[in-house]
file upload_12.cif (mmCIF, C-alpha atoms)
data_target
#
loop_
_atom_site.label_atom_id
_atom_site.label_comp_id
_atom_site.auth_asym_id
_atom_site.auth_seq_id
_atom_site.Cartn_x
_atom_site.Cartn_y
_atom_site.Cartn_z
CA MET A 1 119.86 97.92 128.85
CA GLU A 2 116.24 97.28 127.98
CA ALA A 3 113.29 99.20 126.55
CA ALA A 4 111.33 101.16 129.15
CA ASN A 5 108.46 103.62 129.45
CA HIS A 6 110.05 107.07 129.31
CA ILE A 7 106.96 108.68 130.86
CA LYS A 8 107.26 106.45 133.92
CA ILE A 9 110.97 107.23 134.22
CA SER A 10 110.26 110.96 134.02
CA ALA A 11 107.64 110.61 136.77
CA GLU A 12 110.14 108.79 139.00
CA LEU A 13 112.71 111.53 138.41
CA SER A 14 110.11 114.20 139.19
CA ALA A 15 109.35 112.42 142.46
CA CYS A 16 112.96 113.04 143.49
CA GLY A 17 112.32 116.77 143.52
CA TYR A 18 115.59 118.52 144.29
CA SER A 19 117.18 115.38 145.79
CA ILE A 20 119.47 114.95 142.78
CA ASP A 21 123.23 115.11 142.99
CA MET A 22 126.20 114.37 140.75
CA SER A 23 129.09 112.01 141.37
CA PRO A 24 132.71 113.21 141.09
CA HIS A 25 133.13 110.78 138.18
CA ALA A 26 130.20 112.36 136.34
CA ARG A 27 131.58 115.84 136.96
CA GLN A 28 134.90 114.85 135.43
CA ARG A 29 133.24 113.26 132.39
CA ALA A 30 131.09 116.37 131.89
CA VAL A 31 134.24 118.51 131.77
CA GLU A 32 135.91 116.11 129.32
CA ARG A 33 132.96 115.46 127.00
CA THR A 34 130.87 118.64 126.92
CA SER A 35 131.19 122.41 126.89
CA PHE A 36 128.90 122.58 129.93
CA ALA A 37 129.93 123.17 133.50
CA PRO A 38 129.03 120.08 135.58
CA SER A 39 126.49 122.17 137.49
CA ARG A 40 124.72 122.93 134.20
CA VAL A 41 124.45 119.23 133.34
CA LEU A 42 122.93 118.60 136.76
CA GLU A 43 120.51 121.50 136.29
CA LEU A 44 119.33 120.20 132.90
CA VAL A 45 118.57 116.79 134.39
CA ALA A 46 117.00 118.13 137.59
CA THR A 47 114.67 120.51 135.72
CA ARG A 48 113.69 117.77 133.27
CA HIS A 49 115.02 119.88 130.39
CA ALA A 50 116.88 116.83 129.12
CA VAL A 51 114.91 114.37 126.96
CA THR A 52 114.28 111.08 128.74
CA LEU A 53 115.21 108.15 126.50
CA PRO A 54 113.06 104.97 126.54
CA PHE A 55 115.74 102.72 128.04
CA ARG A 56 116.63 101.45 131.48
CA ALA A 57 119.39 99.32 132.97
CA SER A 58 118.48 98.31 136.52
CA ASN A 59 117.90 101.63 138.30
CA ARG A 60 119.71 103.69 135.65
CA SER A 61 117.98 105.94 133.15
CA TYR A 62 119.29 107.95 130.19
CA HIS A 63 118.75 111.65 129.45
CA LEU A 64 119.62 113.38 126.16
CA VAL A 65 120.81 116.97 125.70
CA LEU A 66 122.21 118.83 122.70
CA ASP A 67 125.39 120.73 123.47
CA ALA A 68 124.71 123.76 121.26
CA LYS A 69 128.29 125.02 121.46
CA LYS A 70 129.80 121.75 120.22
CA MET A 71 126.66 120.91 118.20
CA ASP A 72 126.77 117.38 119.52
CA PHE A 73 124.64 115.34 121.87
CA MET A 74 125.46 114.05 125.32
CA VAL A 75 123.64 111.47 127.42
CA ALA A 76 123.55 111.78 131.20
CA ILE A 77 123.12 108.49 133.04
CA VAL A 78 121.06 108.85 136.19
CA ALA A 79 120.70 106.32 139.02
CA ILE A 80 117.29 106.64 140.69
CA ASP A 81 116.94 105.25 144.21
CA ARG A 82 113.31 104.26 144.72
CA ALA A 83 113.79 102.65 148.14
CA GLY A 84 111.45 103.73 150.92
CA LYS A 85 109.00 106.62 150.75
CA SER A 86 111.46 109.20 149.44
CA HIS A 87 113.18 109.10 146.06
CA SER A 88 116.66 110.36 145.32
CA ALA A 89 118.81 110.37 142.20
CA SER A 90 122.38 110.92 141.12
CA VAL A 91 124.00 111.64 137.77
CA VAL A 92 126.64 108.89 137.66
CA THR A 93 128.34 109.61 134.32
CA VAL A 94 128.03 111.48 131.03
CA LEU A 95 128.39 109.76 127.65
CA THR A 96 128.94 111.10 124.18
CA ARG A 97 126.31 110.25 121.60
CA GLU A 98 128.71 107.77 119.97
CA GLN A 99 129.34 105.97 123.26
CA PHE A 100 125.63 105.64 123.98
CA GLU A 101 124.71 104.49 120.47
CA ALA A 102 127.47 101.87 120.51
CA ASP A 103 125.51 100.10 123.26
CA ALA A 104 121.89 101.05 122.56
CA GLY A 105 121.80 101.65 118.81
CA PRO A 106 120.79 104.86 117.01
CA ILE A 107 118.76 107.41 118.96
CA GLY A 108 115.35 107.93 117.34
CA LYS A 109 114.72 110.98 115.15
CA MET A 110 111.88 112.26 117.31
CA ARG A 111 114.03 112.42 120.45
CA LEU A 112 116.96 113.98 118.62
CA ARG A 113 114.62 116.63 117.21
CA THR A 114 113.03 117.28 120.61
CA ALA A 115 116.41 117.72 122.31
CA ALA A 116 117.63 120.03 119.52
CA SER A 117 114.44 122.11 119.53
CA ARG A 118 114.87 122.83 123.24
CA VAL A 119 118.16 124.66 122.78
CA LEU A 120 118.09 126.05 119.21
CA ASP A 121 116.02 128.90 117.82
CA PRO A 122 113.72 127.94 114.91
CA VAL A 123 116.16 129.02 112.19
CA ALA A 124 119.11 127.21 113.77
CA PHE A 125 116.89 124.18 114.34
CA ARG A 126 116.00 123.92 110.64
CA ARG A 127 119.68 124.21 109.73
CA TRP A 128 120.49 121.46 112.20
CA GLU A 129 117.78 119.22 110.69
CA GLN A 130 119.29 119.68 107.24
CA ARG A 131 122.75 118.73 108.50
CA GLU A 132 121.51 115.80 110.59
CA PHE A 133 119.05 114.23 108.16
CA GLY A 134 119.98 115.72 104.78
CA GLN A 135 117.35 115.60 102.04
CA GLY A 136 115.55 112.83 103.93
CA ARG A 137 114.99 115.07 106.95
CA ALA A 138 112.48 113.86 109.49
CA ARG A 139 108.90 114.47 108.49
CA ARG A 140 106.98 116.58 110.96
CA ARG A 141 103.95 114.73 112.29
CA TYR A 142 101.71 117.10 114.18
CA ARG A 143 99.59 115.66 116.97
CA VAL A 144 96.77 117.42 118.79
CA LEU A 145 96.06 116.66 122.46
CA THR A 146 92.62 117.53 123.79
CA TYR A 147 92.04 117.62 127.56
CA TYR A 148 88.51 117.21 128.91
CA ARG A 149 86.76 116.72 132.22
CA ASN A 150 85.05 113.42 133.04
CA GLU A 151 81.76 113.25 134.92
CA ASP A 152 83.67 112.43 138.13
CA GLY A 153 85.72 115.61 137.76
CA SER A 154 88.96 113.93 136.67
CA ILE A 155 90.86 115.20 133.63
CA ASP A 156 91.49 112.90 130.68
CA HIS A 157 92.79 113.47 127.16
CA LYS A 158 92.63 112.18 123.61
CA ILE A 159 95.35 112.41 120.97
CA PHE A 160 94.58 113.06 117.29
CA ARG A 161 97.60 112.33 115.09
CA ASN A 162 98.76 113.59 111.70
CA ALA A 163 97.00 116.95 111.74
CA PRO A 164 96.93 118.22 108.12
CA ILE A 165 99.08 121.33 108.60
CA CYS A 166 101.73 122.49 106.12
CA ASP A 167 105.26 122.97 107.46
CA HIS A 168 105.56 126.29 105.65
CA PHE A 169 102.49 127.57 107.52
CA VAL A 170 104.02 126.58 110.87
CA ASP A 171 107.34 128.23 109.99
CA GLU A 172 105.52 131.40 108.98
CA TYR A 173 102.94 131.75 111.75
CA ALA A 174 104.19 129.42 114.57
CA LEU A 175 102.71 126.13 115.69
CA THR A 176 100.52 127.73 118.36
CA ASN A 177 98.51 129.35 115.50
CA ALA A 178 97.94 126.08 113.63
CA ALA A 179 94.18 126.34 114.14
CA GLY A 180 94.24 129.09 111.50
CA HIS A 181 95.43 126.67 108.83
CA PRO A 182 92.84 125.97 106.10
CA GLY A 183 90.71 122.96 106.98
CA PHE A 184 92.05 122.50 110.52
CA TRP A 185 88.71 122.73 112.28
CA ASP A 186 86.98 120.51 109.71
CA TRP A 187 89.64 117.85 110.32
CA TYR A 188 89.37 118.31 114.09
CA ALA A 189 85.56 117.96 114.01
CA ARG A 190 85.85 114.67 112.10
CA GLU A 191 88.43 113.31 114.55
CA ALA A 192 86.39 114.42 117.56
CA SER A 193 83.26 112.74 116.20
CA ARG A 194 85.15 109.55 115.41
CA ALA A 195 86.61 109.46 118.95
CA ASP A 196 83.32 110.37 120.70
CA LEU A 197 85.04 113.34 122.29
CA PRO A 198 82.77 115.11 124.83
CA VAL A 199 83.31 118.52 123.22
CA ALA A 200 81.30 120.39 125.85
CA SER A 201 83.73 119.17 128.53
CA VAL A 202 86.96 120.19 126.75
CA THR A 203 89.21 122.28 129.00
CA ALA A 204 92.31 122.81 126.82
CA ILE A 205 93.98 121.83 123.56
CA ARG A 206 97.69 121.47 122.92
CA ILE A 207 99.59 120.67 119.74
CA ALA A 208 103.03 119.17 119.23
CA ASP A 209 105.68 118.40 116.69
CA THR A 210 108.42 117.94 119.29
CA ASP A 211 107.38 119.49 122.62
CA LYS A 212 103.74 120.39 123.26
CA VAL A 213 102.54 124.00 123.01
CA TRP A 214 99.13 125.53 123.73
CA LEU A 215 96.91 125.78 120.66
CA ASP A 216 95.40 129.22 120.16
CA ILE A 217 91.81 128.29 119.32
CA SER A 218 91.13 131.93 118.42
CA ALA A 219 93.92 132.09 115.82
CA PRO A 220 92.59 133.88 112.71
CA ALA A 221 92.01 131.84 109.57
CA ARG A 222 94.82 132.38 107.07
CA GLU A 223 95.69 131.45 103.53
CA CYS A 224 98.37 128.78 103.07
CA PRO A 225 100.55 129.07 99.94
CA CYS A 226 101.36 125.36 100.02
CA CYS A 227 97.67 124.37 100.06
CA ARG A 228 96.89 126.86 97.31
CA ALA A 229 99.69 125.45 95.15
CA LYS A 230 98.32 121.92 95.52
CA LYS A 231 94.91 122.90 94.17
CA PRO A 232 94.44 122.39 90.42
CA HIS A 233 94.15 125.54 88.35
CA PRO A 234 90.50 126.18 87.39
CA ALA A 235 91.35 125.91 83.69
CA ALA A 236 93.05 122.57 84.28
CA ALA A 237 90.02 121.35 86.21
CA ASP A 238 87.77 122.35 83.31
CA ARG A 239 89.88 120.36 80.89
CA ARG A 240 89.37 117.22 82.96
CA LEU A 241 85.56 117.55 82.79
#
call {"tool": "encode", "arguments": {"input": "upload_12.cif", "output": "structure tokens"}}
result
Amino acid sequence: MEAANHIKISAELSACGYSIDMSPHARQRAVERTSFAPSRVLELVATRHAVTLPFRASNRSYHLVLDAKKMDFMVAIVAIDRAGKSHSASVVTVLTREQFEADAGPIGKMRLRTAASRVLDPVAFRRWEQREFGQGRARRRYRVLTYYRNEDGSIDHKIFRNAPICDHFVDEYALTNAAGHPGFWDWYAREASRADLPVASVTAIRIADTDKVWLDISAPARECPCCRAKKPHPAAADRRL
């Protein structure tokens, strides 16, 4: 098993379309190791609902799903046949998280969080984070993706990382409304200027903690209790003068 580009793997799997099947061995392991029906495991892989892990062993790739009933992860191993013009794929077995990590090492926090966020509602997701990471739970790092049109008509994008948005604000108003957070557009303008972003050619903006969502650029400006609490009290500021 070696490190691999998960985006490239996902593209190869997408190229297979519906030409994805499941071996009898994989079906048996799915029954033994998950609460899913084998057909559900196949569906999660085929629809790219599983999180592609950045590893490859020959033509085999690895796809992570949280089993919400057992509250444990499973990893489907998929063999992708890239021979000829058409691609096909087959789920060849299903591993428990422990089995996969024994060979590959711990699965990264970001991919665990992404897989969990795809099957849990926001409240259940925060409870899962507390159980999984304890007091040192994974810090949310918000990234903003801006898509724009080049002069030749092609679409490109730029990524601005570490958007200054408070977690409490996101929990209260949802990530899609992050543009309403105090100071968001000031931060975005600085990043856009630094990156020479052709603002007039912007076609869409998305934002992500785990999976990407559309940013509502018309979200109303709102107060943020966390930001307000960080500001020094006026009397305290006067004392420092």
call {"tool": "resolve_selection", "arguments": {"input": "upload_12.cif", "expression": "the PyMOL selection byres ((chain A and resi 26) around 6)", "output": "JSON, numbers by chain"}}
result
{"A": [23, 24, 25, 27, 28, 29, 92, 93, 94]}
call {"tool": "closest_residue", "arguments": {"input": "upload_12.cif", "among": "A:Thr146, A:Gln99, A:Thr47, A:Ser10", "to": "Ile80 (chain A)", "atoms": "only C-alpha atoms"}}
result
A:Ser10
call {"tool": "residues_around", "arguments": {"input": "upload_12.cif", "residues": "region 216-226 of chain A", "least_positions_apart": "6", "cutoff": "7 Å", "atoms": "only C-alpha atoms", "output": "PyMOL selection string"}}
result
chain A and resi 166+169+176-177+179-182
call {"tool": "atom_distance", "arguments": {"input": "upload_12.cif", "atom1": "CA of Val144 (chain A)", "atom2": "CA of Ala163 (chain A)"}}
result
7.1 Å
call {"tool": "atom_distance", "arguments": {"input": "upload_12.cif", "atom1": "CA of Thr96 (chain A)", "atom2": "CA of Phe36 (chain A)"}}
result
12.8 Å
call {"tool": "residues_around", "arguments": {"input": "upload_12.cif", "residues": "Asp209 (chain A)", "least_positions_apart": "2", "cutoff": "8 Å", "atoms": "all atoms listed in the file", "output": "list in words"}}
result
Arg140, Arg141, Tyr142, Arg143, Ile207, Asp211 and Lys212 of chain A
call {"tool": "resolve_selection", "arguments": {"input": "upload_12.cif", "expression": "the PyMOL selection byres ((chain A and resi 204) around 12)", "output": "list of chain:residue names"}}
result
A:Val144, A:Leu145, A:Thr146, A:Tyr147, A:Tyr148, A:Arg149, A:Ile155, A:Asp156, A:His157, A:Lys158, A:Val199, A:Ala200, A:Ser201, A:Val202, A:Thr203, A:Ile205, A:Arg206, A:Ile207, A:Val213, A:Trp214, A:Leu215, A:Asp216, A:Ile217
call {"tool": "atom_distance", "arguments": {"input": "upload_12.cif", "atom1": "CA of Leu197 (chain A)", "atom2": "CA of Val170 (chain A)"}}
result
25.8 Å
call {"tool": "residues_around", "arguments": {"input": "upload_12.cif", "residues": "region 117-123 of chain A", "least_positions_apart": "2", "cutoff": "8 Å", "atoms": "all atoms listed in the file", "output": "list in words"}}
result
His49, Leu66, Ala68, Arg113, Thr114, Ala115, Phe125, Arg126, Arg127 and Thr210 of chain A
call {"tool": "closest_residue", "arguments": {"input": "upload_12.cif", "among": "A:Arg33, A:Arg97, A:Lys69, A:Arg161", "to": "Ala208 (chain A)", "atoms": "only C-alpha atoms"}}
result
A:Arg161
call {"tool": "closest_residue", "arguments": {"input": "upload_12.cif", "among": "A:Gln130, A:Thr34, A:Ser90, A:Asn59", "to": "Val75 (chain A)", "atoms": "only C-alpha atoms"}}
result
A:Thr34
call {"tool": "resolve_selection", "arguments": {"input": "upload_12.cif", "expression": "the PyMOL selection byres ((chain A and resi 57) around 12)", "output": "PDB file with C-alpha atoms, keeping the file's coordinate frame"}}
result
ATOM      1  CA  MET A   1     119.860  97.920 128.850  1.00  0.00           C
ATOM      2  CA  GLU A   2     116.240  97.280 127.980  1.00  0.00           C
ATOM      3  CA  ALA A   3     113.290  99.200 126.550  1.00  0.00           C
ATOM      4  CA  ALA A   4     111.330 101.160 129.150  1.00  0.00           C
ATOM      5  CA  ILE A   9     110.970 107.230 134.220  1.00  0.00           C
ATOM      6  CA  LEU A  53     115.210 108.150 126.500  1.00  0.00           C
ATOM      7  CA  PRO A  54     113.060 104.970 126.540  1.00  0.00           C
ATOM      8  CA  PHE A  55     115.740 102.720 128.040  1.00  0.00           C
ATOM      9  CA  ARG A  56     116.630 101.450 131.480  1.00  0.00           C
ATOM     10  CA  SER A  58     118.480  98.310 136.520  1.00  0.00           C
ATOM     11  CA  ASN A  59     117.900 101.630 138.300  1.00  0.00           C
ATOM     12  CA  ARG A  60     119.710 103.690 135.650  1.00  0.00           C
ATOM     13  CA  SER A  61     117.980 105.940 133.150  1.00  0.00           C
ATOM     14  CA  TYR A  62     119.290 107.950 130.190  1.00  0.00           C
ATOM     15  CA  ILE A  77     123.120 108.490 133.040  1.00  0.00           C
ATOM     16  CA  VAL A  78     121.060 108.850 136.190  1.00  0.00           C
ATOM     17  CA  ALA A  79     120.700 106.320 139.020  1.00  0.00           C
ATOM     18  CA  ILE A  80     117.290 106.640 140.690  1.00  0.00           C
ATOM     19  CA  ASP A 103     125.510 100.100 123.260  1.00  0.00           C
ATOM     20  CA  ALA A 104     121.890 101.050 122.560  1.00  0.00           C
TER      21      ALA A 104
END
call {"tool": "closest_residue", "arguments": {"input": "upload_12.cif", "among": "A:Ala30, A:Arg228, A:Phe100, A:Met71", "to": "Glu129 (chain A)", "atoms": "all atoms listed in the file"}}
result
A:Met71
call {"tool": "closest_residue", "arguments": {"input": "upload_12.cif", "among": "A:Asp152, A:Leu175, A:Ile20, A:Glu12", "to": "Ala89 (chain A)", "atoms": "only C-alpha atoms"}}
result
A:Ile20
call {"tool": "residues_around", "arguments": {"input": "upload_12.cif", "residues": "Ser88 (chain A)", "least_positions_apart": "3", "cutoff": "9 Å", "atoms": "all atoms listed in the file", "output": "MDAnalysis selection string"}}
result
chainID A and resid 13 15:21 79:83
call {"tool": "closest_residue", "arguments": {"input": "upload_12.cif", "among": "A:Leu44, A:Glu32, A:Ile107, A:Ala124", "to": "Leu95 (chain A)", "atoms": "all atoms listed in the file"}}
result
A:Glu32
